[in-house]
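J.: Data file model.cif (mmCIF, C-alpha atoms and all ligand atoms) is appended below.
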```cif
data_input
#
loop_
_atom_site.label_atom_id
_atom_site.label_comp_id
_atom_site.auth_asym_id
_atom_site.auth_seq_id
_atom_site.Cartn_x
_atom_site.Cartn_y
_atom_site.Cartn_z
CA MET A 2 -226.63 -95.43 -48.45
CA MET A 3 -226.93 -96.87 -51.95
CA THR A 4 -223.92 -97.17 -54.22
CA THR A 5 -224.44 -97.92 -57.87
CA PRO A 6 -222.21 -100.87 -58.81
CA VAL A 7 -219.44 -99.63 -61.11
CA LYS A 8 -218.43 -101.85 -63.97
CA PRO A 9 -214.69 -102.48 -63.67
CA GLU A 10 -212.70 -100.80 -66.38
CA ILE A 11 -210.49 -103.04 -68.49
CA GLN A 12 -206.94 -101.83 -68.98
CA VAL A 13 -204.46 -103.11 -71.51
CA VAL A 14 -201.31 -103.54 -69.44
CA TYR A 15 -199.13 -104.78 -72.27
CA GLN A 16 -199.47 -105.19 -76.04
CA ARG A 17 -197.25 -105.62 -79.10
CA PRO A 18 -195.43 -102.39 -79.95
CA ASP A 19 -196.65 -100.33 -82.95
CA SER A 20 -193.13 -100.29 -84.36
CA PHE A 21 -193.42 -104.01 -85.11
CA THR A 22 -194.91 -105.45 -88.28
CA ASP A 23 -197.33 -108.38 -87.94
CA LEU A 24 -194.78 -110.87 -89.27
CA THR A 25 -193.74 -113.79 -87.11
CA THR A 26 -189.95 -113.81 -86.72
CA HIS A 27 -187.77 -116.66 -87.99
CA TYR A 28 -185.86 -116.79 -84.69
CA CYS A 29 -185.69 -120.13 -82.89
CA PRO A 30 -188.17 -120.57 -80.02
CA GLY A 31 -186.88 -118.84 -76.89
CA CYS A 32 -184.10 -116.89 -78.66
CA THR A 33 -183.68 -113.56 -76.89
CA HIS A 34 -182.97 -111.72 -80.16
CA GLY A 35 -186.77 -111.33 -80.09
CA ILE A 36 -186.68 -109.62 -76.69
CA ALA A 37 -184.01 -107.20 -77.90
CA HIS A 38 -186.12 -106.38 -80.98
CA ARG A 39 -189.15 -105.74 -78.82
CA LEU A 40 -187.30 -103.40 -76.45
CA VAL A 41 -185.98 -101.34 -79.36
CA ALA A 42 -189.49 -101.12 -80.83
CA GLU A 43 -190.97 -100.08 -77.47
CA VAL A 44 -188.38 -97.34 -76.95
CA ILE A 45 -188.90 -95.99 -80.48
CA ASP A 46 -192.67 -95.96 -79.85
CA GLU A 47 -192.33 -94.26 -76.48
CA MET A 48 -189.96 -91.59 -77.81
CA GLY A 49 -192.12 -91.04 -80.89
CA LEU A 50 -189.18 -91.64 -83.24
CA ARG A 51 -190.72 -94.09 -85.70
CA GLU A 52 -191.29 -91.69 -88.58
CA LYS A 53 -187.68 -90.54 -88.56
CA SER A 54 -185.89 -93.75 -87.58
CA ILE A 55 -183.62 -95.60 -89.99
CA GLY A 56 -182.31 -98.98 -88.88
CA VAL A 57 -179.30 -100.80 -90.28
CA ALA A 58 -179.54 -104.61 -90.18
CA PRO A 59 -176.45 -106.84 -89.98
CA VAL A 60 -175.46 -110.21 -91.36
CA GLY A 61 -176.21 -112.87 -88.76
CA CYS A 62 -179.43 -114.31 -87.39
CA SER A 63 -180.88 -110.78 -87.28
CA VAL A 64 -180.30 -110.30 -91.02
CA PHE A 65 -184.08 -109.98 -91.54
CA ALA A 66 -184.57 -107.36 -88.79
CA TYR A 67 -185.79 -104.98 -91.53
CA LYS A 68 -188.85 -107.17 -92.03
CA TYR A 69 -189.89 -107.04 -88.37
CA PHE A 70 -189.54 -103.31 -87.64
CA ASN A 71 -192.24 -101.14 -89.15
CA MET A 72 -189.91 -98.31 -90.22
CA ASP A 73 -187.19 -97.50 -92.74
CA PHE A 74 -184.37 -100.04 -92.72
CA VAL A 75 -181.37 -100.92 -94.83
CA GLU A 76 -179.23 -104.05 -94.89
CA ALA A 77 -175.45 -103.72 -94.54
CA ALA A 78 -172.65 -106.02 -95.68
CA HIS A 79 -171.27 -108.19 -92.88
CA GLY A 80 -169.80 -105.99 -90.12
CA ARG A 81 -170.26 -102.76 -92.06
CA ALA A 82 -173.41 -101.48 -90.36
CA PRO A 83 -171.60 -98.69 -88.44
CA ALA A 84 -170.03 -97.43 -91.70
CA MET A 85 -173.40 -97.44 -93.43
CA ALA A 86 -175.04 -95.75 -90.43
CA THR A 87 -172.28 -93.11 -90.51
CA GLY A 88 -173.09 -92.23 -94.10
CA ILE A 89 -176.84 -92.11 -93.49
CA LYS A 90 -176.53 -89.99 -90.34
CA ARG A 91 -174.16 -87.52 -91.99
CA VAL A 92 -176.47 -87.05 -94.96
CA LEU A 93 -179.66 -87.02 -92.87
CA PRO A 94 -178.56 -85.63 -89.49
CA LYS A 95 -182.14 -85.03 -88.34
CA ASN A 96 -183.04 -88.70 -88.64
CA THR A 97 -182.48 -91.24 -85.88
CA VAL A 98 -180.05 -93.89 -87.12
CA PHE A 99 -179.29 -97.14 -85.36
CA THR A 100 -177.54 -100.42 -86.08
CA TYR A 101 -178.49 -103.84 -84.71
CA GLN A 102 -175.50 -106.22 -84.76
CA GLY A 103 -174.42 -109.61 -83.46
CA ASP A 104 -171.06 -110.38 -81.89
CA GLY A 105 -169.65 -112.07 -84.99
CA ASP A 106 -170.74 -109.09 -87.05
CA LEU A 107 -169.56 -106.37 -84.65
CA ALA A 108 -166.58 -107.88 -82.84
CA SER A 109 -165.06 -110.02 -85.59
CA ILE A 110 -165.44 -109.00 -89.24
CA GLY A 111 -166.74 -105.53 -88.27
CA MET A 112 -164.18 -104.70 -85.57
CA ALA A 113 -162.59 -101.88 -87.60
CA GLU A 114 -165.92 -100.25 -88.46
CA ILE A 115 -167.22 -100.18 -84.89
CA ILE A 116 -163.94 -98.89 -83.40
CA HIS A 117 -163.65 -96.08 -85.91
CA ALA A 118 -167.30 -95.09 -85.68
CA ALA A 119 -166.80 -94.71 -81.92
CA ALA A 120 -163.46 -92.94 -82.35
CA ARG A 121 -165.05 -90.44 -84.75
CA GLY A 122 -167.87 -89.93 -82.28
CA GLU A 123 -170.52 -90.69 -84.88
CA ASN A 124 -173.86 -89.70 -83.45
CA ILE A 125 -175.46 -93.11 -83.96
CA THR A 126 -176.98 -95.76 -81.67
CA VAL A 127 -175.69 -99.33 -81.73
CA ILE A 128 -177.59 -102.31 -80.31
CA PHE A 129 -175.02 -105.09 -79.86
CA ILE A 130 -176.29 -108.64 -79.32
CA ASN A 131 -173.61 -110.76 -77.64
CA ASN A 132 -174.56 -114.44 -77.63
CA ALA A 133 -170.96 -115.68 -77.56
CA ILE A 134 -171.38 -117.52 -80.85
CA TYR A 135 -171.99 -117.30 -84.60
CA GLY A 136 -175.64 -118.26 -84.49
CA MET A 137 -176.65 -118.04 -88.13
CA THR A 138 -173.88 -120.14 -89.63
CA GLY A 139 -174.20 -123.08 -87.26
CA GLY A 140 -172.63 -122.21 -83.94
CA GLN A 141 -168.96 -121.50 -84.64
CA MET A 142 -166.64 -119.85 -82.13
CA ALA A 143 -166.88 -116.05 -81.99
CA PRO A 144 -164.35 -113.59 -80.52
CA THR A 145 -166.76 -113.48 -77.54
CA THR A 146 -166.95 -117.26 -76.98
CA LEU A 147 -166.18 -118.08 -73.35
CA PRO A 148 -162.96 -119.92 -72.39
CA GLY A 149 -163.70 -123.64 -72.43
CA MET A 150 -167.03 -123.18 -74.23
CA LYS A 151 -167.81 -125.86 -76.80
CA THR A 152 -168.79 -124.70 -80.28
CA THR A 153 -168.80 -126.44 -83.65
CA SER A 154 -165.34 -125.01 -84.37
CA SER A 155 -164.02 -125.59 -80.83
CA PRO A 156 -165.49 -129.04 -80.12
CA PHE A 157 -163.24 -129.57 -77.10
CA GLY A 158 -163.98 -126.13 -75.69
CA ARG A 159 -162.30 -122.80 -76.52
CA ASP A 160 -158.60 -123.23 -75.82
CA VAL A 161 -157.26 -119.78 -74.95
CA GLU A 162 -153.70 -120.87 -75.77
CA LEU A 163 -154.83 -121.57 -79.31
CA SER A 164 -157.66 -119.09 -79.92
CA GLY A 165 -157.06 -116.31 -77.41
CA TYR A 166 -159.41 -114.74 -74.90
CA PRO A 167 -162.91 -113.26 -75.24
CA VAL A 168 -163.04 -109.70 -76.58
CA ARG A 169 -164.87 -107.24 -74.33
CA MET A 170 -166.32 -104.53 -76.56
CA CYS A 171 -167.72 -102.16 -73.91
CA GLU A 172 -164.38 -102.01 -72.14
CA ILE A 173 -162.60 -101.25 -75.44
CA LEU A 174 -165.07 -98.68 -76.75
CA ALA A 175 -165.31 -96.85 -73.41
CA THR A 176 -161.73 -95.66 -74.01
CA MET A 177 -162.84 -93.74 -77.13
CA GLU A 178 -163.30 -90.01 -76.60
CA GLY A 179 -166.07 -89.91 -79.17
CA ALA A 180 -168.23 -92.30 -77.16
CA GLY A 181 -171.10 -90.78 -75.18
CA TYR A 182 -172.84 -93.84 -73.78
CA ILE A 183 -171.37 -97.37 -73.50
CA VAL A 184 -173.14 -99.89 -71.24
CA ARG A 185 -173.66 -103.65 -70.91
CA ARG A 186 -176.97 -105.21 -69.87
CA SER A 187 -178.48 -108.70 -69.97
CA LEU A 188 -181.74 -110.29 -71.13
CA HIS A 189 -181.85 -113.25 -68.74
CA ASP A 190 -184.86 -112.28 -66.58
CA ALA A 191 -187.64 -109.71 -66.27
CA LYS A 192 -185.68 -107.41 -63.95
CA HIS A 193 -182.65 -107.32 -66.25
CA ILE A 194 -184.87 -106.90 -69.31
CA ARG A 195 -186.40 -103.78 -67.71
CA GLN A 196 -182.90 -102.42 -67.04
CA ALA A 197 -181.92 -103.20 -70.63
CA LYS A 198 -184.87 -101.18 -71.89
CA LYS A 199 -183.87 -98.14 -69.81
CA ALA A 200 -180.38 -98.36 -71.28
CA ILE A 201 -181.71 -98.59 -74.84
CA ARG A 202 -183.77 -95.49 -74.15
CA LEU A 203 -180.67 -93.61 -72.94
CA ALA A 204 -178.74 -94.79 -75.99
CA PHE A 205 -181.37 -93.20 -78.24
CA GLU A 206 -181.45 -90.07 -76.06
CA THR A 207 -177.68 -89.79 -76.48
CA GLN A 208 -178.25 -89.52 -80.20
CA GLU A 209 -181.22 -87.15 -79.94
CA ARG A 210 -179.16 -84.84 -77.72
CA GLY A 211 -176.11 -84.98 -79.99
CA LEU A 212 -173.84 -86.51 -77.37
CA GLY A 213 -171.89 -88.85 -79.64
CA PHE A 214 -171.60 -92.55 -80.19
CA ALA A 215 -173.87 -94.79 -78.08
CA MET A 216 -173.82 -98.57 -77.68
CA VAL A 217 -175.83 -100.97 -75.53
CA GLU A 218 -174.37 -104.47 -75.38
CA LEU A 219 -177.02 -107.07 -74.51
CA LEU A 220 -176.04 -110.52 -73.28
CA SER A 221 -178.39 -112.75 -75.26
CA SER A 222 -179.16 -116.45 -75.63
CA CYS A 223 -178.72 -118.91 -78.47
CA PRO A 224 -180.46 -122.05 -77.18
CA THR A 225 -180.12 -123.81 -80.53
CA ASN A 226 -176.35 -123.61 -80.86
CA TRP A 227 -175.66 -123.80 -77.14
CA GLU A 228 -177.72 -127.02 -77.34
CA ILE A 229 -179.78 -126.34 -74.22
CA ASN A 230 -183.43 -125.39 -73.75
CA PRO A 231 -184.52 -121.72 -73.71
CA HIS A 232 -184.88 -121.63 -69.91
CA GLU A 233 -181.46 -123.20 -69.32
CA ALA A 234 -180.03 -120.72 -71.82
CA LEU A 235 -181.14 -117.83 -69.60
CA ASP A 236 -179.38 -119.49 -66.66
CA PHE A 237 -176.28 -119.88 -68.83
CA ILE A 238 -176.24 -116.12 -69.42
CA ALA A 239 -176.55 -115.37 -65.69
CA GLU A 240 -174.09 -118.00 -64.48
CA ARG A 241 -171.51 -118.26 -67.26
CA MET A 242 -171.62 -115.10 -69.36
CA VAL A 243 -172.09 -112.36 -66.74
CA PRO A 244 -168.83 -113.26 -64.89
CA VAL A 245 -166.89 -112.87 -68.15
CA PHE A 246 -168.85 -109.85 -69.39
CA PRO A 247 -169.69 -107.83 -66.26
CA LEU A 248 -172.85 -105.75 -66.48
CA GLY A 249 -172.50 -102.04 -65.91
CA ASP A 250 -172.02 -98.52 -67.22
CA TYR A 251 -168.65 -98.22 -68.95
CA LYS A 252 -169.00 -94.62 -70.12
CA VAL A 253 -171.87 -92.22 -69.55
CA ASN A 254 -171.69 -88.59 -70.71
CA GLU A 255 -172.26 -86.27 -67.73
CA GLU A 256 -175.23 -84.60 -69.45
CA LEU A 257 -177.11 -87.90 -69.50
CA LYS A 258 -176.97 -88.14 -65.72
CA HIS A 259 -179.46 -85.32 -65.17
CA MET B 18 -208.80 -108.66 -53.12
CA PRO B 19 -205.96 -109.27 -55.58
CA VAL B 20 -206.12 -107.42 -58.88
CA LYS B 21 -207.76 -109.51 -61.58
CA GLY B 22 -205.78 -109.92 -64.75
CA TRP B 23 -205.63 -112.20 -67.75
CA ILE B 24 -203.57 -112.78 -70.85
CA GLU B 25 -204.22 -113.53 -74.50
CA VAL B 26 -201.60 -115.46 -76.45
CA HIS B 27 -201.35 -114.81 -80.18
CA ASP B 28 -201.32 -118.12 -82.06
CA LEU B 29 -199.18 -116.92 -84.96
CA HIS B 30 -196.45 -115.48 -82.76
CA CYS B 31 -196.21 -117.98 -79.89
CA LYS B 32 -193.47 -120.57 -80.43
CA GLY B 33 -194.09 -122.59 -77.28
CA CYS B 34 -190.70 -121.72 -75.81
CA ALA B 35 -192.17 -121.80 -72.27
CA LEU B 36 -190.16 -118.84 -71.00
CA CYS B 37 -193.43 -117.27 -69.82
CA VAL B 38 -194.31 -120.52 -68.03
CA SER B 39 -191.21 -120.43 -65.84
CA ALA B 40 -191.33 -116.65 -65.34
CA CYS B 41 -194.96 -116.29 -64.17
CA PRO B 42 -194.85 -115.58 -60.42
CA GLN B 43 -198.38 -116.97 -59.96
CA ASP B 44 -197.69 -120.24 -61.83
CA VAL B 45 -200.83 -119.86 -63.92
CA ILE B 46 -199.40 -120.48 -67.41
CA SER B 47 -198.55 -123.74 -69.12
CA LEU B 48 -198.19 -125.00 -72.66
CA ASP B 49 -201.41 -126.37 -74.13
CA MET B 50 -200.46 -129.94 -75.10
CA GLU B 51 -203.95 -130.46 -76.60
CA ARG B 52 -203.47 -127.85 -79.28
CA LEU B 53 -201.03 -126.91 -82.04
CA THR B 54 -200.66 -123.45 -83.57
CA PRO B 55 -200.69 -123.09 -87.38
CA LYS B 56 -196.90 -123.12 -87.13
CA GLY B 57 -196.92 -126.38 -85.19
CA TYR B 58 -196.15 -125.26 -81.65
CA HIS B 59 -197.98 -125.98 -78.42
CA PRO B 60 -199.04 -122.45 -77.39
CA ALA B 61 -198.96 -120.98 -73.90
CA HIS B 62 -202.31 -120.55 -72.13
CA LEU B 63 -203.75 -119.67 -68.73
CA ILE B 64 -204.53 -122.72 -66.60
CA ALA B 65 -205.95 -121.19 -63.43
CA ASP B 66 -207.34 -118.09 -61.78
CA GLY B 67 -204.87 -115.86 -60.03
CA CYS B 68 -203.30 -113.86 -62.86
CA THR B 69 -202.58 -110.38 -61.48
CA GLY B 70 -201.81 -108.72 -64.80
CA CYS B 71 -198.22 -108.11 -63.71
CA ALA B 72 -197.00 -108.49 -67.34
CA ILE B 73 -193.85 -110.40 -66.41
CA CYS B 74 -194.78 -113.08 -68.97
CA ALA B 75 -195.03 -110.42 -71.68
CA ILE B 76 -191.69 -108.90 -70.68
CA VAL B 77 -189.86 -112.21 -71.09
CA CYS B 78 -191.72 -113.35 -74.23
CA PRO B 79 -189.28 -113.26 -77.16
CA ASP B 80 -192.11 -113.12 -79.68
CA ALA B 81 -194.32 -110.33 -78.32
CA ALA B 82 -197.09 -112.91 -78.40
CA ILE B 83 -198.80 -111.94 -75.14
CA THR B 84 -201.34 -109.19 -74.52
CA VAL B 85 -201.97 -108.52 -70.84
CA TYR B 86 -205.22 -107.12 -69.47
CA ARG B 87 -206.22 -106.03 -66.01
CA GLU B 88 -209.42 -104.85 -64.37
CA ALA B 89 -208.74 -101.36 -63.12
CA PRO B 90 -209.37 -101.14 -59.39
CA VAL B 91 -212.78 -99.58 -58.79
CA HIS B 92 -213.03 -96.97 -56.07
CA PRO B 93 -216.61 -96.73 -54.83
CA GLN B 94 -217.91 -93.16 -55.03
CA LYS B 95 -217.87 -91.44 -51.67
CA ALA B 96 -221.06 -89.75 -50.58
CA PRO B 97 -220.76 -85.94 -50.82
CA ALA B 98 -219.55 -84.36 -47.55
CA SER B 99 -222.58 -82.12 -47.12
CA ALA B 100 -226.04 -83.18 -48.14
C1 LIG C 301 -168.27 -111.45 -95.82
C2 LIG C 301 -168.94 -112.58 -95.10
N1 LIG C 301 -168.22 -113.43 -94.35
C3 LIG C 301 -168.80 -114.44 -93.69
C4 LIG C 301 -170.14 -114.63 -93.77
C5 LIG C 301 -170.79 -115.79 -93.03
N2 LIG C 301 -171.49 -115.36 -91.84
C6 LIG C 301 -172.82 -115.12 -91.87
S1 LIG C 301 -173.43 -114.70 -90.39
C7 LIG C 301 -171.92 -114.87 -89.65
C8 LIG C 301 -171.71 -114.63 -88.19
C9 LIG C 301 -172.96 -114.28 -87.45
O1 LIG C 301 -172.73 -114.24 -86.10
P1 LIG C 301 -173.24 -113.06 -85.20
O2 LIG C 301 -172.90 -111.75 -85.79
O3 LIG C 301 -172.73 -113.31 -83.83
O4 LIG C 301 -174.82 -113.15 -85.27
P2 LIG C 301 -175.81 -114.20 -84.60
O5 LIG C 301 -176.24 -115.07 -85.73
O6 LIG C 301 -175.10 -114.94 -83.53
O7 LIG C 301 -176.92 -113.36 -84.08
C10 LIG C 301 -170.96 -115.24 -90.59
C11 LIG C 301 -169.55 -115.47 -90.26
C12 LIG C 301 -170.90 -113.73 -94.56
N3 LIG C 301 -172.22 -113.82 -94.68
N4 LIG C 301 -170.28 -112.72 -95.22
S1 LIG C 302 -179.49 -119.80 -84.08
FE1 LIG C 302 -179.30 -118.95 -82.04
S2 LIG C 302 -179.19 -116.70 -82.30
FE2 LIG C 302 -179.98 -117.60 -84.20
S3 LIG C 302 -182.23 -117.51 -84.02
FE3 LIG C 302 -181.58 -119.55 -83.32
S4 LIG C 302 -181.29 -119.33 -81.11
FE4 LIG C 302 -181.35 -117.26 -81.97
S1 LIG C 303 -199.59 -111.26 -66.17
FE1 LIG C 303 -198.27 -111.97 -64.46
S2 LIG C 303 -199.62 -113.31 -63.26
FE2 LIG C 303 -200.64 -113.02 -65.25
S3 LIG C 303 -199.97 -114.75 -66.48
FE3 LIG C 303 -198.54 -113.08 -66.90
S4 LIG C 303 -196.86 -113.38 -65.45
FE4 LIG C 303 -198.56 -114.65 -64.74
S1 LIG C 304 -192.85 -116.79 -73.91
FE1 LIG C 304 -194.10 -116.14 -75.67
S2 LIG C 304 -193.49 -117.49 -77.35
FE2 LIG C 304 -192.75 -118.43 -75.47
S3 LIG C 304 -194.39 -119.85 -74.87
FE3 LIG C 304 -194.79 -117.93 -73.80
S4 LIG C 304 -196.18 -116.80 -75.18
FE4 LIG C 304 -195.28 -118.45 -76.38
MG MG C 305 -173.69 -114.10 -82.21
#
```
Before anything else, please render the file you have as C-alpha cells.

T.:
Amino acid sequence: MMTTPVKPEIQVVYQRPDSFTDLTTHYCPGCTHGIAHRLVAEVIDEMGLREKSIGVAPVGCSVFAYKYFNMDFVEAAHGRAPAMATGIKRVLPKNTVFTYQGDGDLASIGMAEIIHAAARGENITVIFINNAIYGMTGGQMAPTTLPGMKTTSSPFGRDVELSGYPVRMCEILATMEGAGYIVRRSLHDAKHIRQAKKAIRLAFETQERGLGFAMVELLSSCPTNWEINPHEALDFIAERMVPVFPLGDYKVNEELKH
Amino acid sequence: MPVKGWIEVHDLHCKGCALCVSACPQDVISLDMERLTPKGYHPAHLIADGCTGCAICAIVCPDAAITVYREAPVHPQKAPASA
C-alpha cells in the first residue's frame, strides 16, 4: 500500500501574549516581576478581558507596568492603588479592575488601603508581589523581610527585637468577610508558575462573578538587591521564603469551588 | 520518536538571565557567548537537537522572549476499511 508522505504541521506551542506591548521591560535580568506580568497578560488574553480591563500600577519597581500591558492603565500614588481601583470599579462596574503592587507598596505605606478595600469587599483583583524587600529604592527592609535577612537598612540582618516580625498579608486579609479569594503562590519554578497562573485566573473570575475582593500573593525574586544570581534567587524563594510565607489557599468563596 | 521542537529567542527581550538554561529538562539551551544583543546581553540559544517543545523555558522566562514551536505528530492515513 502506498502512503503519501504528510508534511508535518508546525504548531506554535508558546508565544508572547497579545496583552503585552512590544516594549522591553526595565526589570533586572532574571527578576520574576516579568513572570508575574506575563501570567496576568496570559489570563487576560485567555478570558478575553483586554478591552474592558483597567490596571492600576503602584510605586515600586513595577511603576512602569502601564507601559508593558497593552490596555488601559493608571498610576496610583504609593500604596493607594486599592483606593484608586475602588473608585474606578464603582464608577465603571462593568470593567475589570486590577492592581499590581509590591510588598513595600501594599504591606507598608498602603496597609490601610488594602485592609479597607478587603473589608469593604471591593470587587477588584489584586496581584501582590512579595519579594521581601524594597526593590526600587535600593534594597531596604520591608515589612515582609525575613528574620535575619540582610538588607541595606538592616546590614546585620533583620533583628526582630528591633524591627518586629514579617507581616503575612494573606493570613490577615483572609479574616475579612468581604474577601472572596485570598491565596499565596510562588514563582520559583515551572510547576509553581503554572499553579500561580491558575490562581490569577480564579482571582479574575472572582471579580467577573461578583464574589468580592480577590488577591493573589506571589513570592517573587529580587536578584539585584538580594545580591545573588537569578537562579540562586529562585532557590532562595523555595528554601527561605516559603517556610515563612506558606503557600496555600487562605480563603476561597464556595462558589469558586465548582 | 520524540516530538521535534525548537525555540526562537527574541533579541530585544532576552536579558541573558539564564533561567531557561537551568530549567530546560533536555539541557539544550545555553547563553551564546559569541554574540551580544542590541542591549548588550549574551542571548539564550539552542545548542543541540533534542528540544521537545515542552515550553518549560518559555514558562520560566521573565521577559517573554521565547517562542516555542513543535512539529505536530503526523498520523499516517489508514486505508479505508472496505475497498
Ligand atoms: C510617598 C512615598 N514614599 C516613599 C517613596 C519611596 N519609595 C519608592 S518605591 C518604594 C518601595 C518599593 O518597594 P515594593 O513596593 O516592595 O516594590 P518593589 O520595588 O520591591 O517591587 C519606596 C519606599 C515614594 N516614592 N513615595
Ligand atoms: S531591583 Fe529587584 S525587584 Fe526591582 S527590577 Fe531589579 S531584581 Fe526586580
Ligand atoms: S521547549 Fe523544552 S526542551 Fe525545548 S528548549 Fe525549551 S525547555 Fe528545552
Ligand atoms: S530566560 Fe528569557 S531572558 Fe533569560 S536567558 Fe532565557 S530567553 Fe533570555
Ligand atoms: Mg518589594

J.: Counting only C-alpha atoms, which residues of chain B fall within 10 Å of chain A, and what is the closest atom pair for each with its distance in Å at one decimal, ordered by chain and rising number, as JSON lines?

T.:
```
{"residue": "B:Lys21", "atom": "CA", "partner": "A:Ile11", "partner_atom": "CA", "distance": 9.9}
{"residue": "B:Gly22", "atom": "CA", "partner": "A:Val14", "partner_atom": "CA", "distance": 9.1}
{"residue": "B:Trp23", "atom": "CA", "partner": "A:Val14", "partner_atom": "CA", "distance": 9.8}
{"residue": "B:Ile24", "atom": "CA", "partner": "A:Tyr15", "partner_atom": "CA", "distance": 9.3}
{"residue": "B:Glu25", "atom": "CA", "partner": "A:Gln16", "partner_atom": "CA", "distance": 9.7}
{"residue": "B:Leu29", "atom": "CA", "partner": "A:Thr25", "partner_atom": "CA", "distance": 6.6}
{"residue": "B:His30", "atom": "CA", "partner": "A:Thr25", "partner_atom": "CA", "distance": 5.4}
{"residue": "B:Cys31", "atom": "CA", "partner": "A:Pro30", "partner_atom": "CA", "distance": 8.4}
{"residue": "B:Lys32", "atom": "CA", "partner": "A:Pro30", "partner_atom": "CA", "distance": 5.3}
{"residue": "B:Gly33", "atom": "CA", "partner": "A:Pro30", "partner_atom": "CA", "distance": 6.8}
{"residue": "B:Cys34", "atom": "CA", "partner": "A:Gly31", "partner_atom": "CA", "distance": 4.9}
{"residue": "B:Ala35", "atom": "CA", "partner": "A:Gly31", "partner_atom": "CA", "distance": 7.6}
{"residue": "B:Leu36", "atom": "CA", "partner": "A:His232", "partner_atom": "CA", "distance": 6.1}
{"residue": "B:Cys37", "atom": "CA", "partner": "A:His232", "partner_atom": "CA", "distance": 9.6}
{"residue": "B:Val38", "atom": "CA", "partner": "A:His232", "partner_atom": "CA", "distance": 9.7}
{"residue": "B:Ser39", "atom": "CA", "partner": "A:His232", "partner_atom": "CA", "distance": 7.6}
{"residue": "B:Ala40", "atom": "CA", "partner": "A:Asp190", "partner_atom": "CA", "distance": 7.9}
{"residue": "B:Lys56", "atom": "CA", "partner": "A:Thr25", "partner_atom": "CA", "distance": 9.9}
{"residue": "B:Tyr58", "atom": "CA", "partner": "A:Pro30", "partner_atom": "CA", "distance": 9.4}
{"residue": "B:Gly70", "atom": "CA", "partner": "A:Val14", "partner_atom": "CA", "distance": 7.0}
{"residue": "B:Cys71", "atom": "CA", "partner": "A:Val14", "partner_atom": "CA", "distance": 8.0}
{"residue": "B:Ala72", "atom": "CA", "partner": "A:Tyr15", "partner_atom": "CA", "distance": 6.5}
{"residue": "B:Ile73", "atom": "CA", "partner": "A:Ala191", "partner_atom": "CA", "distance": 6.2}
{"residue": "B:Cys74", "atom": "CA", "partner": "A:Ala191", "partner_atom": "CA", "distance": 8.3}
{"residue": "B:Ala75", "atom": "CA", "partner": "A:Tyr15", "partner_atom": "CA", "distance": 7.0}
{"residue": "B:Ile76", "atom": "CA", "partner": "A:Ala191", "partner_atom": "CA", "distance": 6.0}
{"residue": "B:Val77", "atom": "CA", "partner": "A:Ala191", "partner_atom": "CA", "distance": 5.9}
{"residue": "B:Cys78", "atom": "CA", "partner": "A:Ile36", "partner_atom": "CA", "distance": 6.7}
{"residue": "B:Pro79", "atom": "CA", "partner": "A:Gly35", "partner_atom": "CA", "distance": 4.3}
{"residue": "B:Asp80", "atom": "CA", "partner": "A:Gly35", "partner_atom": "CA", "distance": 5.6}
{"residue": "B:Ala81", "atom": "CA", "partner": "A:Arg17", "partner_atom": "CA", "distance": 5.6}
{"residue": "B:Ala82", "atom": "CA", "partner": "A:Arg17", "partner_atom": "CA", "distance": 7.3}
{"residue": "B:Ile83", "atom": "CA", "partner": "A:Gln16", "partner_atom": "CA", "distance": 6.8}
{"residue": "B:Thr84", "atom": "CA", "partner": "A:Gln16", "partner_atom": "CA", "distance": 4.7}
{"residue": "B:Val85", "atom": "CA", "partner": "A:Tyr15", "partner_atom": "CA", "distance": 4.9}
{"residue": "B:Tyr86", "atom": "CA", "partner": "A:Val13", "partner_atom": "CA", "distance": 4.6}
{"residue": "B:Arg87", "atom": "CA", "partner": "A:Gln12", "partner_atom": "CA", "distance": 5.2}
{"residue": "B:Glu88", "atom": "CA", "partner": "A:Ile11", "partner_atom": "CA", "distance": 4.6}
{"residue": "B:Ala89", "atom": "CA", "partner": "A:Glu10", "partner_atom": "CA", "distance": 5.2}
{"residue": "B:Pro90", "atom": "CA", "partner": "A:Pro9", "partner_atom": "CA", "distance": 7.0}
{"residue": "B:Val91", "atom": "CA", "partner": "A:Pro9", "partner_atom": "CA", "distance": 6.0}
{"residue": "B:His92", "atom": "CA", "partner": "A:Val7", "partner_atom": "CA", "distance": 8.6}
{"residue": "B:Pro93", "atom": "CA", "partner": "A:Thr4", "partner_atom": "CA", "distance": 7.3}
{"residue": "B:Gln94", "atom": "CA", "partner": "A:Thr4", "partner_atom": "CA", "distance": 7.3}
{"residue": "B:Lys95", "atom": "CA", "partner": "A:Thr4", "partner_atom": "CA", "distance": 8.7}
{"residue": "B:Ala96", "atom": "CA", "partner": "A:Met2", "partner_atom": "CA", "distance": 8.2}
```

J.: If the box runs along x, y and z of the file and leaves 6 Å on each side of segment 23-30 of chain B, what are its centre and edge lengths in Å, one decimal, as JSON?

T.:
```
{"center_x": -201.0, "center_y": -115.2, "center_z": -76.4, "size_x": 21.2, "size_y": 17.9, "size_z": 29.2}
```

J.: As a compact mmCIF listing (two decimals) with C-alpha atoms, in the frame of the given file, please: the residues near Ser63 of chain A (cut-off 8 Å, only C-alpha atoms, same-chain neighbours under 6 positions excluded).

T.:
```txt
# COMPACT_ATOMS: atom_id res chain seq x y z
CA HIS A 34 -182.97 -111.72 -80.16
CA TYR A 101 -178.49 -103.84 -84.71
CA GLN A 102 -175.50 -106.22 -84.76
CA GLY A 103 -174.42 -109.61 -83.46
```

J.: Return as number ranges by chain the residues of protein, DNA or RNA that approach ligand MG 305 (chain C) to within 12 Å, with only C-alpha atoms and all ligand atoms taken into account.

T.: A: 32-34, 59-64, 80, 101-110, 129-146, 152, 218-227

J.: Just the number, please: distance in Å from atom CA of His27 of chain B to atom CA of Arg51 of chain A, one decimal.

T.: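 These atoms are spaced 23.9 Å apart.
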
J.: Rounded to one decimal, what separation in Å do you get between atom CA of Thr176 of chain A and atom CA of Ile116 of chain A?

T.: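 The value is 10.2 Å.
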
J.: Kindly give the distance, in Å, that separates atom CA of Arg52 of chain B and atom CA of Thr69 of chain B, rounded to a single decimal.

T.: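 According to the coordinates, atom CA of Arg52 of chain B and atom CA of Thr69 of chain B are separated by 25.0 Å.
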
J.: Would you mind listing what lies within 12 Å of Asp73 of chain A as a ChimeraX atom specification, with only C-alpha atoms counted and same-chain residues fewer than 2 positions away left out?

T.: /A:20-22,50-58,66-71,75-76,89,96-99

J.: From the structure block, carefully write segment 129-133 of chain A out with C-alpha atoms; format it as a CSV table (one decimal), in the first residue's frame.

T.:
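Written file, selection-v1.csv:
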```csv
chain,number,residue,atom,x,y,z
A,129,PHE,CA,0.7,41.2,45.2
A,130,ILE,CA,4.4,40.8,44.5
A,131,ASN,CA,6.2,39.8,47.7
A,132,ASN,CA,10.0,39.9,47.2
A,133,ALA,CA,10.7,40.6,50.9
```
